[in-house]
Amino acid sequence: MNQKNIENGNAISSIPAALVLPTMDAVLFDLDGTLVDSMWMWKEIDIEYLGRFGLACPPDLQKVIEGMSFSETARYFKNRFEIPDSIDEIKHAWIQMSIEKYRSEVPLKPGARRFLEYLACTGKKAGIATSNGQDMVDAVLESLKIRPYFQVIATACEVPAGKPAPDIYLEVARRLCVSPARCMVFEDVPAGILAGKRAGMTVCAVEDEFSAGMRAEKKKLADYYIQDYNKLFQTEKE
């Protein structure tokens with residue numbers, strides 16, 4: 001697992017993930033941008049929501065709130081933008097704005113369903129560790145019909161601190177009764193990658209258009225990097 005090749009100055013595993021997965025007892029996924037193609041939606045919602053108060057969406061916003069739990073993000077919005085609504089009202093507005101998009105406009109990332117079927121067929125445990133709220137998680141899992149693939153689904157609101165703290169990944173591993181060292185994490189942003197690494201897990205970064213500008217940082221932080229889940233079924237070294 002430590003064998004590396006160097007591409008543009010970044011350490012990238014030269015061992016196909018398919019050869020590493022058999023050594024793992026569980027696979028843990030972030031949701032937005034990792035398992036489902038939804039990060040575009042949240043930027044639209046931030047722009048629309050702030051627009052209700054006559055505010056522009058700052059260019060640094062997505063990076064600043066990266067990894068925060070749903071409640072942490074609502075508190076951040078209230079404090080930074082002096083939103084008059086309560087934390088619960090802010091969260092409710094976001095839920096209403098997002099839930100229909102989750103049900104009708106958010107697809108799985110390429111190769112994700114094939115990978116989930118592989119995990120089920122090989123007896124690997126699977127869990128979700130998301131910063132999102134439970135209502136939205138329920139909407140997208142039901143719409144895509146993927147809930148049965150996961151034994152544990154946890155949100156960052158259930159643990160003391162959101163990503164990049166390791167809390168949520170450690171909690172999912174605990175509920176799965178699996179050692180963190182025997183878990184592989186799939187993540188799309190640096191905060192999530194750090195959370196997995198700090199939990200003592202092996203981390204594979206996933207390409208996402210939203211985080212394309214963070215690609216070098218993701219490759220530096222993660223143990224592995226894939227363009228999409230179909231790459232996991234390649235047996236040759238890239």
# chains A, B, ... in the order shown; residues from 1 in each chain; ligands from 1
>>> select_by_dssp(residues="region 31-182 of chain A", states="alpha helix (DSSP H)", output="VMD selection string")
chain A and resid 39 to 51 61 to 65 70 to 81 87 to 104 112 to 121 134 to 144 167 to 176
>>> write_last_selection(atoms="C-alpha atoms", output="PDB file, in the first residue's frame")
ATOM      1  CA  MET A  39     -21.972  19.838  -5.018  1.00  0.00           C
ATOM      2  CA  TRP A  40     -23.217  22.034  -7.864  1.00  0.00           C
ATOM      3  CA  MET A  41     -26.587  22.127  -6.128  1.00  0.00           C
ATOM      4  CA  TRP A  42     -25.269  23.510  -2.853  1.00  0.00           C
ATOM      5  CA  LYS A  43     -23.537  26.434  -4.500  1.00  0.00           C
ATOM      6  CA  GLU A  44     -26.818  27.317  -6.242  1.00  0.00           C
ATOM      7  CA  ILE A  45     -28.673  27.090  -2.936  1.00  0.00           C
ATOM      8  CA  ASP A  46     -26.133  29.320  -1.162  1.00  0.00           C
ATOM      9  CA  ILE A  47     -26.459  31.966  -3.885  1.00  0.00           C
ATOM     10  CA  GLU A  48     -30.260  31.830  -3.817  1.00  0.00           C
ATOM     11  CA  TYR A  49     -30.520  31.804  -0.035  1.00  0.00           C
ATOM     12  CA  LEU A  50     -28.190  34.756   0.526  1.00  0.00           C
ATOM     13  CA  GLY A  51     -29.964  36.573  -2.291  1.00  0.00           C
ATOM     14  CA  LEU A  61     -17.662  30.557   1.133  1.00  0.00           C
ATOM     15  CA  GLN A  62     -17.499  26.977  -0.148  1.00  0.00           C
ATOM     16  CA  LYS A  63     -13.927  26.505   1.042  1.00  0.00           C
ATOM     17  CA  VAL A  64     -14.648  28.008   4.471  1.00  0.00           C
ATOM     18  CA  ILE A  65     -17.674  25.782   5.206  1.00  0.00           C
ATOM     19  CA  PHE A  70     -25.344  21.016   8.743  1.00  0.00           C
ATOM     20  CA  SER A  71     -25.856  22.747  12.106  1.00  0.00           C
ATOM     21  CA  GLU A  72     -22.337  24.213  12.135  1.00  0.00           C
ATOM     22  CA  THR A  73     -22.918  25.659   8.664  1.00  0.00           C
ATOM     23  CA  ALA A  74     -26.218  27.225   9.727  1.00  0.00           C
ATOM     24  CA  ARG A  75     -24.533  28.837  12.747  1.00  0.00           C
ATOM     25  CA  TYR A  76     -21.738  30.114  10.498  1.00  0.00           C
ATOM     26  CA  PHE A  77     -24.242  31.689   8.077  1.00  0.00           C
ATOM     27  CA  LYS A  78     -26.153  33.328  10.913  1.00  0.00           C
ATOM     28  CA  ASN A  79     -23.034  34.840  12.451  1.00  0.00           C
ATOM     29  CA  ARG A  80     -21.131  35.820   9.303  1.00  0.00           C
ATOM     30  CA  PHE A  81     -24.076  37.218   7.360  1.00  0.00           C
ATOM     31  CA  ILE A  87     -30.645  28.305  13.289  1.00  0.00           C
ATOM     32  CA  ASP A  88     -33.632  25.969  12.899  1.00  0.00           C
ATOM     33  CA  GLU A  89     -35.288  28.327  10.402  1.00  0.00           C
ATOM     34  CA  ILE A  90     -32.108  28.518   8.328  1.00  0.00           C
ATOM     35  CA  LYS A  91     -31.807  24.730   8.263  1.00  0.00           C
ATOM     36  CA  HIS A  92     -35.490  24.309   7.389  1.00  0.00           C
ATOM     37  CA  ALA A  93     -35.121  26.706   4.442  1.00  0.00           C
ATOM     38  CA  TRP A  94     -32.135  24.757   3.132  1.00  0.00           C
ATOM     39  CA  ILE A  95     -33.967  21.458   3.519  1.00  0.00           C
ATOM     40  CA  GLN A  96     -36.920  22.728   1.510  1.00  0.00           C
ATOM     41  CA  MET A  97     -34.652  24.169  -1.185  1.00  0.00           C
ATOM     42  CA  SER A  98     -32.587  21.010  -1.539  1.00  0.00           C
ATOM     43  CA  ILE A  99     -34.925  18.099  -1.061  1.00  0.00           C
ATOM     44  CA  GLU A 100     -36.616  18.271  -4.462  1.00  0.00           C
ATOM     45  CA  LYS A 101     -33.264  18.568  -6.209  1.00  0.00           C
ATOM     46  CA  TYR A 102     -32.030  15.514  -4.314  1.00  0.00           C
ATOM     47  CA  ARG A 103     -35.097  13.588  -5.418  1.00  0.00           C
ATOM     48  CA  SER A 104     -35.023  14.531  -9.084  1.00  0.00           C
ATOM     49  CA  ALA A 112     -20.708   4.127  -7.859  1.00  0.00           C
ATOM     50  CA  ARG A 113     -23.580   1.646  -8.152  1.00  0.00           C
ATOM     51  CA  ARG A 114     -21.256  -0.959  -9.654  1.00  0.00           C
ATOM     52  CA  PHE A 115     -18.880  -0.457  -6.717  1.00  0.00           C
ATOM     53  CA  LEU A 116     -21.679  -0.738  -4.145  1.00  0.00           C
ATOM     54  CA  GLU A 117     -22.804  -3.990  -5.761  1.00  0.00           C
ATOM     55  CA  TYR A 118     -19.217  -5.257  -5.594  1.00  0.00           C
ATOM     56  CA  LEU A 119     -19.029  -4.464  -1.867  1.00  0.00           C
ATOM     57  CA  ALA A 120     -22.304  -6.262  -1.222  1.00  0.00           C
ATOM     58  CA  CYS A 121     -21.244  -9.313  -3.214  1.00  0.00           C
ATOM     59  CA  GLN A 134     -30.720  13.589   7.800  1.00  0.00           C
ATOM     60  CA  ASP A 135     -33.738  14.734   5.772  1.00  0.00           C
ATOM     61  CA  MET A 136     -31.632  15.338   2.672  1.00  0.00           C
ATOM     62  CA  VAL A 137     -29.701  12.114   3.159  1.00  0.00           C
ATOM     63  CA  ASP A 138     -32.984  10.205   3.315  1.00  0.00           C
ATOM     64  CA  ALA A 139     -34.261  11.901   0.165  1.00  0.00           C
ATOM     65  CA  VAL A 140     -31.278  11.040  -2.010  1.00  0.00           C
ATOM     66  CA  LEU A 141     -30.831   7.488  -0.684  1.00  0.00           C
ATOM     67  CA  GLU A 142     -34.477   6.675  -1.302  1.00  0.00           C
ATOM     68  CA  SER A 143     -34.510   8.336  -4.728  1.00  0.00           C
ATOM     69  CA  LEU A 144     -31.439   6.413  -5.895  1.00  0.00           C
ATOM     70  CA  ASP A 167     -15.231  12.076  14.940  1.00  0.00           C
ATOM     71  CA  ILE A 168     -17.750  11.009  12.318  1.00  0.00           C
ATOM     72  CA  TYR A 169     -15.492   8.401  10.709  1.00  0.00           C
ATOM     73  CA  LEU A 170     -14.590   6.950  14.087  1.00  0.00           C
ATOM     74  CA  GLU A 171     -18.289   6.807  14.961  1.00  0.00           C
ATOM     75  CA  VAL A 172     -19.187   4.935  11.771  1.00  0.00           C
ATOM     76  CA  ALA A 173     -16.355   2.463  12.322  1.00  0.00           C
ATOM     77  CA  ARG A 174     -17.501   1.966  15.913  1.00  0.00           C
ATOM     78  CA  ARG A 175     -21.059   1.233  14.815  1.00  0.00           C
ATOM     79  CA  LEU A 176     -19.806  -1.161  12.155  1.00  0.00           C
TER      80      LEU A 176
END
>>> select_by_dssp(residues="region 3-229 of chain A", states="strand (DSSP E or B)", output="CSV table (one decimal) with N, CA and C atoms, in the first residue's frame")
chain,number,residue,atom,x,y,z
A,4,LYS,N,4.5,4.1,-4.3
A,4,LYS,CA,4.0,5.3,-4.9
A,4,LYS,C,4.6,5.6,-6.2
A,5,ASN,N,3.9,6.3,-7.1
A,5,ASN,CA,4.6,6.9,-8.2
A,5,ASN,C,4.4,8.4,-8.1
A,6,ILE,N,5.2,9.2,-8.8
A,6,ILE,CA,5.1,10.6,-8.7
A,6,ILE,C,4.6,11.2,-10.0
A,7,GLU,N,3.5,12.0,-9.9
A,7,GLU,CA,2.9,12.7,-11.1
A,7,GLU,C,2.8,14.2,-10.7
A,10,ASN,N,3.1,15.2,-7.1
A,10,ASN,CA,2.1,14.7,-6.1
A,10,ASN,C,2.3,13.2,-5.9
A,11,ALA,N,2.2,12.7,-4.7
A,11,ALA,CA,2.2,11.2,-4.5
A,11,ALA,C,0.9,10.6,-4.8
A,12,ILE,N,0.9,9.6,-5.7
A,12,ILE,CA,-0.3,8.9,-6.1
A,12,ILE,C,0.0,7.4,-6.1
A,13,SER,N,-0.9,6.7,-5.5
A,13,SER,CA,-0.7,5.2,-5.4
A,13,SER,C,-0.6,4.6,-6.8
A,26,ALA,N,-14.2,-2.7,5.8
A,26,ALA,CA,-15.3,-1.8,5.6
A,26,ALA,C,-14.9,-0.7,4.7
A,27,VAL,N,-15.9,-0.1,4.0
A,27,VAL,CA,-15.7,1.0,3.1
A,27,VAL,C,-16.6,2.1,3.6
A,28,LEU,N,-16.1,3.3,3.8
A,28,LEU,CA,-16.9,4.4,4.3
A,28,LEU,C,-16.9,5.5,3.2
A,29,PHE,N,-18.1,6.1,3.0
A,29,PHE,CA,-18.2,7.1,2.0
A,29,PHE,C,-18.7,8.5,2.6
A,32,ASP,N,-22.1,14.0,-0.5
A,32,ASP,CA,-22.1,15.0,-1.5
A,32,ASP,C,-20.7,15.1,-2.2
A,36,VAL,N,-22.5,10.9,-4.6
A,36,VAL,CA,-23.5,11.5,-5.5
A,36,VAL,C,-23.0,12.8,-6.0
A,108,LEU,N,-26.0,9.4,-9.0
A,108,LEU,CA,-24.8,8.8,-8.4
A,108,LEU,C,-23.6,9.1,-9.3
A,125,LYS,N,-18.5,-4.5,4.6
A,125,LYS,CA,-19.4,-3.5,5.3
A,125,LYS,C,-19.3,-2.2,4.7
A,126,ALA,N,-20.4,-1.4,4.7
A,126,ALA,CA,-20.3,-0.1,4.1
A,126,ALA,C,-21.1,0.9,4.9
A,127,GLY,N,-20.5,2.1,5.0
A,127,GLY,CA,-21.2,3.1,5.8
A,127,GLY,C,-21.1,4.5,5.1
A,128,ILE,N,-21.9,5.4,5.5
A,128,ILE,CA,-21.9,6.8,5.0
A,128,ILE,C,-21.6,7.7,6.2
A,129,ALA,N,-20.7,8.6,6.0
A,129,ALA,CA,-20.3,9.6,7.0
A,129,ALA,C,-20.4,11.0,6.4
A,130,THR,N,-21.6,11.7,6.6
A,130,THR,CA,-21.9,12.9,5.8
A,130,THR,C,-22.0,14.1,6.7
A,152,VAL,N,-24.6,1.4,8.1
A,152,VAL,CA,-24.6,2.5,9.0
A,152,VAL,C,-24.6,3.8,8.2
A,153,ILE,N,-25.4,4.7,8.6
A,153,ILE,CA,-25.5,6.0,8.0
A,153,ILE,C,-25.5,7.1,9.1
A,154,ALA,N,-24.4,7.9,9.1
A,154,ALA,CA,-24.3,8.9,10.2
A,154,ALA,C,-24.1,10.3,9.7
A,155,THR,N,-24.6,11.2,10.4
A,155,THR,CA,-24.4,12.6,10.0
A,155,THR,C,-23.5,13.3,11.0
A,183,CYS,N,-10.4,0.2,7.6
A,183,CYS,CA,-11.4,0.9,6.8
A,183,CYS,C,-10.8,1.7,5.7
A,184,MET,N,-11.5,1.8,4.5
A,184,MET,CA,-11.1,2.6,3.4
A,184,MET,C,-12.2,3.7,3.3
A,185,VAL,N,-11.7,4.9,3.2
A,185,VAL,CA,-12.6,6.1,3.1
A,185,VAL,C,-12.5,6.7,1.7
A,186,PHE,N,-13.7,7.1,1.2
A,186,PHE,CA,-13.8,7.8,-0.1
A,186,PHE,C,-14.3,9.2,0.2
A,187,GLU,N,-13.5,10.2,-0.3
A,187,GLU,CA,-13.8,11.6,0.0
A,187,GLU,C,-13.5,12.4,-1.2
A,202,THR,N,-7.4,4.4,5.7
A,202,THR,CA,-6.8,4.6,4.4
A,202,THR,C,-7.8,5.4,3.6
A,203,VAL,N,-7.4,6.5,2.9
A,203,VAL,CA,-8.3,7.4,2.2
A,203,VAL,C,-8.0,7.4,0.7
A,204,CYS,N,-9.1,7.3,-0.1
A,204,CYS,CA,-9.0,7.5,-1.5
A,204,CYS,C,-9.8,8.7,-1.9
A,205,ALA,N,-9.1,9.6,-2.6
A,205,ALA,CA,-9.8,10.9,-3.0
A,205,ALA,C,-10.5,10.6,-4.3
A,206,VAL,N,-11.7,11.2,-4.5
A,206,VAL,CA,-12.5,11.1,-5.7
A,206,VAL,C,-12.6,12.4,-6.4
A,224,TYR,N,-4.8,7.4,-2.1
A,224,TYR,CA,-5.2,7.0,-3.4
A,224,TYR,C,-6.0,8.1,-4.1
A,225,TYR,N,-6.1,8.1,-5.4
A,225,TYR,CA,-6.9,9.1,-6.1
A,225,TYR,C,-7.5,8.4,-7.3
A,226,ILE,N,-8.8,8.6,-7.5
A,226,ILE,CA,-9.5,8.0,-8.7
A,226,ILE,C,-10.3,9.1,-9.4
>>> closest_residue(among="A:Glu209, A:Cys157, A:Leu55, A:Phe150", to="Asp228 (chain A)", atoms="only C-alpha atoms")
A:Glu209
>>> atom_distance(atom1="CA of Gln227 (chain A)", atom2="CA of Ala212 (chain A)")
11.0 Å
>>> closest_residue(among="A:Glu207, A:Leu19, A:Ala199, A:Asp30", to="Leu232 (chain A)", atoms="only C-alpha atoms")
A:Leu19
>>> atom_distance(atom1="CA of Val189 (chain A)", atom2="CA of Gly54 (chain A)")
29.2 Å
>>> atom_distance(atom1="CA of Gly123 (chain A)", atom2="CA of Asp208 (chain A)")
27.6 Å
